Structures are given as C-alpha cells and as structure tokens.
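The structure under discussion appears below in the form of structure tokens.
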Amino acid sequence: IDDRAIESLTAYYREEITSLYEQRGQQKLNILDLCSSWISHLPTELEDTHYGLTVGVGMNEEELSSNKQLYMHYTQNLNINPSLEQFEDNSFDIITNVVSVDYLTKPKEIFEEMHRILRPGGIALMSFSNRCFPSKAIAMWLQADDIERLTIVASYYHYSADWSSIEALDIKMPPVQTPDRPSFGEIMSNPSKAFAWANTASAVAKMNSGDPMFVVKGVK
C-alpha cells in the first residue's frame with residue numbers, strides 16, 4: 001500500500017486507540033498484531049501513554065525481530081496452525097491485521113480465537129486495500145470487488161462468534177486540495193511559479209488517486 005493509505009490507517013488507529021483508551025478509564029491497552037511484519041503502523045506518539053503489551057504473530061522471524069513496536073512476538077503460520085492457545089481468554093483490548101486477511105485459509109478458526117482472547121468491548125480491526133499477491137490470496141478474494149471483499153471479511157466475523165457489532169468502513173483520508181493555478185501574468189513574470197505549481201499539482205493528483213483503504217471492525 002502507498003504512503004497515503006498508510007497515513008490513513010495510522011490516523012484511523014489513532015482515533016480507535018484514543019477512544020478505547022478513554023472508554024477503559026485511561027488504562028493502557030494490550031494490542032495483538034496478527035500476520036505482523038517489520039512494522040505495525042501504530043501511532044508512535046501513543047506508545048508510552050496508551051499501549052500496554054504489544055504482541056505480534058507472523059511468519060517471518062527476522063521481520064518480527066525488526067519491528068520496534070512489538071514488546072514480544074511469536075513466529076507462527078496461521079494457515080497451518082490457527083490456534084492462539086499461547087494467549088489466555090480476555091487478554092487483549094485490540095487486535096489488528098494489515099493487508100493480510102485475504103491470505104487466510106482458516107478464517108473461521110482464527111476469528112473464533114480472536115473473539116476468545118479479546119476482552120469484552122475489545123475491538124478487532126481487519127484492514128485491506130485492493131492490492132495483494134494473487135498467488136497467495138484465496139480464490140474468492142481475487143474474484144471479488146471492494147464491496148464484496150468487505151462482505152467476505154464481515155462474514156468471517158458473523159459466522160465465527162457472537163460479536164456485538166460488525167462495521168465496514170472506508171478509512172481513506174479526504175482528498176488533498178490542488179493548489180490554485182498561477183495566473184498568466186504571474187507565470188510570465190515568474191516562470192518558476194508555473195514549474196512549482198505543476199510539480200505540486202502532480203504530487204497531489206498522485207496522492208489522491210492512490211490505494212484505497214478499508215477496515216472491517218468487530219466489537220466483542
């Protein structure tokens with residue numbers, strides 16, 4: 001995913017973490033990042049005040065070891081072993097998964113485990129875009145459009161456990177406004193303004209046409 005999509009995801013995390021932190025009476029939150037890698041996209045400025053235990057589960061030991069946001073991690077292929085038996089019931093406040101839900105071949109078992117280890121009122125945030133590795137994604141995902149993919153992930157929640165709410169969201173940040181084009185007179189008197197405007201307008205257009213970002217949120 002591109003920088004704007006990452007920025008959108010981190011901004012969304014910031015809203016959800018801050019809200020849950022207040023709901024919990026400003027108690028630090030335990031966070032589990034499933035299919036984790038070298039970065040978890042959590043807001044860094046909240047680490048000291050809002051985060052309790054941050055744990056990652058992923059497939060690549062080297063990448064997990066490089067993730068500075070994780071306090072601890074487990075190397076585990078969830079498609080082979082979907083059990084999260086290393087965690088007790090009601091252990092986490094937030095579970096995240098970034099652009100990997102489309103690779104899960106045992107979603108029912110994994111979402112059952114997510115529900116088990118979340119505390120009451122805890123949230124699971126499954127995020128994805130329209131990019132994937134076709135050789136790794138499940139066939140149903142490759143045949144679906146964005147709305148159908150939101151429905152697929154929502155069904156994982158629905159058929160796994162009694163979630164109190166399931167919500168599908170488009171979290172992409174609003175478009176950035178293109179700066180006003182300089183007038184003909186301004187261009188003639190200062191040609192550099194035209195080049196500066198063209199470069200900025202091109203960057204803004206690229207940013208606004210970038211990757212979409214979606215989240216399906218489940219509340220226990």
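Residue numbering restarts at 1 in every chain; chains get A, B, ... in the order shown in the structure tokens, and ligands count up from 1 in that same order.
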
Margin query: I need the residues in region 6-207 of chain A that are helix (DSSP H, G or I) according to DSSP; give them as a PyMOL selection string.
Written below: chain A and resi 6-23+44-50+61-66+101-103+107-117+139-142+146-160+184-189+191-207

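Nearest to His158 (chain A) of all the residues A:Glu109, A:Phe128, A:Gln143, A:Gly218 is A:Gly218, counting only C-alpha atoms.
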
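Nearest residue to Trp163 (chain A), choosing from A:Met213, A:Met140, A:Val219, A:Leu46 and counting only C-alpha atoms: A:Val219.
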
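Among A:Asn30, A:Ser40, A:Ser8, A:Gln23, the residue with the shortest atom-to-atom distance to Gln69 (chain A), counting only C-alpha atoms, is A:Ser40.
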
Check: Which residues come within 8 Å of Asp211 (chain A), counting only C-alpha atoms, excluding same-chain residues fewer than 3 positions away, as an MDAnalysis selection string?
Finding: chainID A and resid 1:2 4:5 129:131

Notebook entry, point to check: Mind checking DSSP for chain A and telling me the strand (DSSP E or B) residues as JSON, numbers by chain?
Noted result: {"A": [29, 30, 31, 32, 33, 34, 51, 52, 53, 54, 55, 56, 57, 58, 72, 73, 74, 75, 92, 93, 94, 95, 96, 97, 98, 118, 119, 120, 121, 122, 123, 124, 125, 126, 127, 128, 165, 166, 167, 168, 169, 170, 214, 215, 216, 217, 218, 219]}

Taking N, CA and C atoms for each residue, export the selection above as a compact mmCIF listing (two decimals), in the first residue's frame.
```txt
# COMPACT_ATOMS: atom_id res chain seq x y z
N LEU A 29 -3.62 -0.21 26.94
CA LEU A 29 -4.28 -1.22 26.11
C LEU A 29 -3.28 -2.26 25.62
N ASN A 30 -3.67 -3.53 25.74
CA ASN A 30 -2.88 -4.61 25.17
C ASN A 30 -3.29 -4.82 23.71
N ILE A 31 -2.30 -4.88 22.83
CA ILE A 31 -2.57 -4.93 21.39
C ILE A 31 -1.89 -6.15 20.78
N LEU A 32 -2.63 -6.88 19.95
CA LEU A 32 -2.09 -8.01 19.21
C LEU A 32 -2.15 -7.72 17.72
N ASP A 33 -1.02 -7.81 17.05
CA ASP A 33 -0.94 -7.59 15.61
C ASP A 33 -0.77 -8.95 14.93
N LEU A 34 -1.82 -9.41 14.25
CA LEU A 34 -1.79 -10.70 13.56
C LEU A 34 -1.21 -10.55 12.16
N TYR A 51 -0.25 2.32 25.27
CA TYR A 51 -0.01 0.91 24.98
C TYR A 51 0.49 0.18 26.23
N GLY A 52 -0.11 -0.99 26.45
CA GLY A 52 0.40 -1.89 27.45
C GLY A 52 1.34 -2.87 26.78
N LEU A 53 0.86 -4.10 26.60
CA LEU A 53 1.63 -5.13 25.92
C LEU A 53 1.29 -5.10 24.43
N THR A 54 2.31 -4.99 23.59
CA THR A 54 2.12 -5.06 22.14
C THR A 54 2.80 -6.33 21.64
N VAL A 55 2.00 -7.21 21.05
CA VAL A 55 2.47 -8.55 20.67
C VAL A 55 2.21 -8.76 19.18
N GLY A 56 3.14 -9.41 18.51
CA GLY A 56 2.97 -9.74 17.11
C GLY A 56 2.99 -11.23 16.87
N VAL A 57 2.17 -11.68 15.93
CA VAL A 57 2.20 -13.05 15.44
C VAL A 57 2.38 -12.98 13.93
N GLY A 58 3.44 -13.60 13.43
CA GLY A 58 3.70 -13.55 11.99
C GLY A 58 4.58 -14.71 11.56
N MET A 72 6.90 -8.27 22.30
CA MET A 72 7.24 -9.67 22.11
C MET A 72 6.53 -10.18 20.87
N HIS A 73 7.00 -11.32 20.34
CA HIS A 73 6.38 -11.85 19.14
C HIS A 73 6.47 -13.37 19.10
N TYR A 74 5.62 -13.96 18.25
CA TYR A 74 5.59 -15.40 18.03
C TYR A 74 5.65 -15.65 16.52
N THR A 75 6.51 -16.55 16.11
CA THR A 75 6.57 -16.95 14.71
C THR A 75 5.60 -18.10 14.50
N PHE A 92 -6.56 -9.31 25.38
CA PHE A 92 -6.22 -8.14 24.58
C PHE A 92 -7.41 -7.18 24.44
N ASP A 93 -7.06 -5.91 24.24
CA ASP A 93 -8.07 -4.88 24.01
C ASP A 93 -8.28 -4.62 22.52
N ILE A 94 -7.21 -4.80 21.75
CA ILE A 94 -7.25 -4.52 20.31
C ILE A 94 -6.49 -5.60 19.56
N ILE A 95 -7.07 -6.07 18.45
CA ILE A 95 -6.37 -6.96 17.54
C ILE A 95 -6.36 -6.31 16.16
N THR A 96 -5.19 -6.24 15.54
CA THR A 96 -5.07 -5.64 14.22
C THR A 96 -4.58 -6.68 13.21
N ASN A 97 -4.88 -6.42 11.96
CA ASN A 97 -4.37 -7.22 10.86
C ASN A 97 -4.31 -6.31 9.64
N VAL A 98 -3.13 -6.15 9.06
CA VAL A 98 -2.95 -5.19 7.97
C VAL A 98 -2.69 -5.94 6.66
N LEU A 118 -10.02 -11.55 23.00
CA LEU A 118 -10.37 -10.15 23.21
C LEU A 118 -11.13 -9.98 24.52
N ARG A 119 -10.88 -8.88 25.20
CA ARG A 119 -11.66 -8.55 26.38
C ARG A 119 -13.03 -8.01 25.95
N PRO A 120 -14.04 -8.13 26.80
CA PRO A 120 -15.35 -7.56 26.46
C PRO A 120 -15.22 -6.08 26.10
N GLY A 121 -15.83 -5.70 24.99
CA GLY A 121 -15.71 -4.34 24.50
C GLY A 121 -14.47 -4.11 23.66
N GLY A 122 -13.60 -5.12 23.57
CA GLY A 122 -12.40 -5.01 22.75
C GLY A 122 -12.74 -5.00 21.27
N ILE A 123 -11.79 -4.56 20.45
CA ILE A 123 -12.05 -4.39 19.01
C ILE A 123 -11.03 -5.14 18.16
N ALA A 124 -11.51 -5.67 17.06
CA ALA A 124 -10.65 -6.28 16.04
C ALA A 124 -10.76 -5.44 14.78
N LEU A 125 -9.62 -5.07 14.21
CA LEU A 125 -9.57 -4.18 13.06
C LEU A 125 -8.84 -4.89 11.91
N MET A 126 -9.60 -5.36 10.95
CA MET A 126 -9.04 -6.04 9.78
C MET A 126 -8.99 -5.06 8.62
N SER A 127 -7.80 -4.65 8.22
CA SER A 127 -7.66 -3.64 7.16
C SER A 127 -7.12 -4.26 5.88
N PHE A 128 -7.54 -3.70 4.76
CA PHE A 128 -7.05 -4.18 3.47
C PHE A 128 -7.24 -3.12 2.40
N SER A 165 -20.96 -6.06 17.49
CA SER A 165 -21.19 -5.25 16.30
C SER A 165 -20.12 -5.54 15.26
N ILE A 166 -20.50 -5.38 13.99
CA ILE A 166 -19.59 -5.55 12.86
C ILE A 166 -19.82 -4.36 11.93
N GLU A 167 -18.75 -3.69 11.55
CA GLU A 167 -18.89 -2.46 10.78
C GLU A 167 -17.85 -2.42 9.65
N ALA A 168 -18.29 -2.09 8.44
CA ALA A 168 -17.41 -1.97 7.29
C ALA A 168 -17.15 -0.49 7.01
N LEU A 169 -15.88 -0.13 6.86
CA LEU A 169 -15.51 1.28 6.77
C LEU A 169 -14.53 1.55 5.64
N ASP A 170 -14.71 2.69 4.99
CA ASP A 170 -13.72 3.24 4.07
C ASP A 170 -12.96 4.29 4.86
N PHE A 214 -9.57 0.07 3.47
CA PHE A 214 -10.81 -0.35 4.10
C PHE A 214 -10.53 -1.07 5.42
N VAL A 215 -11.48 -1.01 6.34
CA VAL A 215 -11.40 -1.73 7.59
C VAL A 215 -12.76 -2.37 7.87
N VAL A 216 -12.73 -3.62 8.31
CA VAL A 216 -13.93 -4.23 8.89
C VAL A 216 -13.65 -4.37 10.38
N LYS A 217 -14.46 -3.69 11.16
CA LYS A 217 -14.27 -3.61 12.61
C LYS A 217 -15.29 -4.49 13.33
N GLY A 218 -14.79 -5.31 14.23
CA GLY A 218 -15.67 -6.11 15.07
C GLY A 218 -15.46 -5.75 16.53
N VAL A 219 -16.55 -5.61 17.27
CA VAL A 219 -16.50 -5.31 18.69
C VAL A 219 -17.03 -6.53 19.45
```

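The residue that comes closest to Glu45 (chain A), out of A:Thr10, A:Asp102, A:Gln76, A:Glu22 and on the basis of only C-alpha atoms, is A:Thr10.
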
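When only C-alpha atoms are used to measure the gap to Leu78 (chain A), the shortest distance among A:Ser91, A:Glu63, A:Ser36, A:His115 belongs to A:Ser36.
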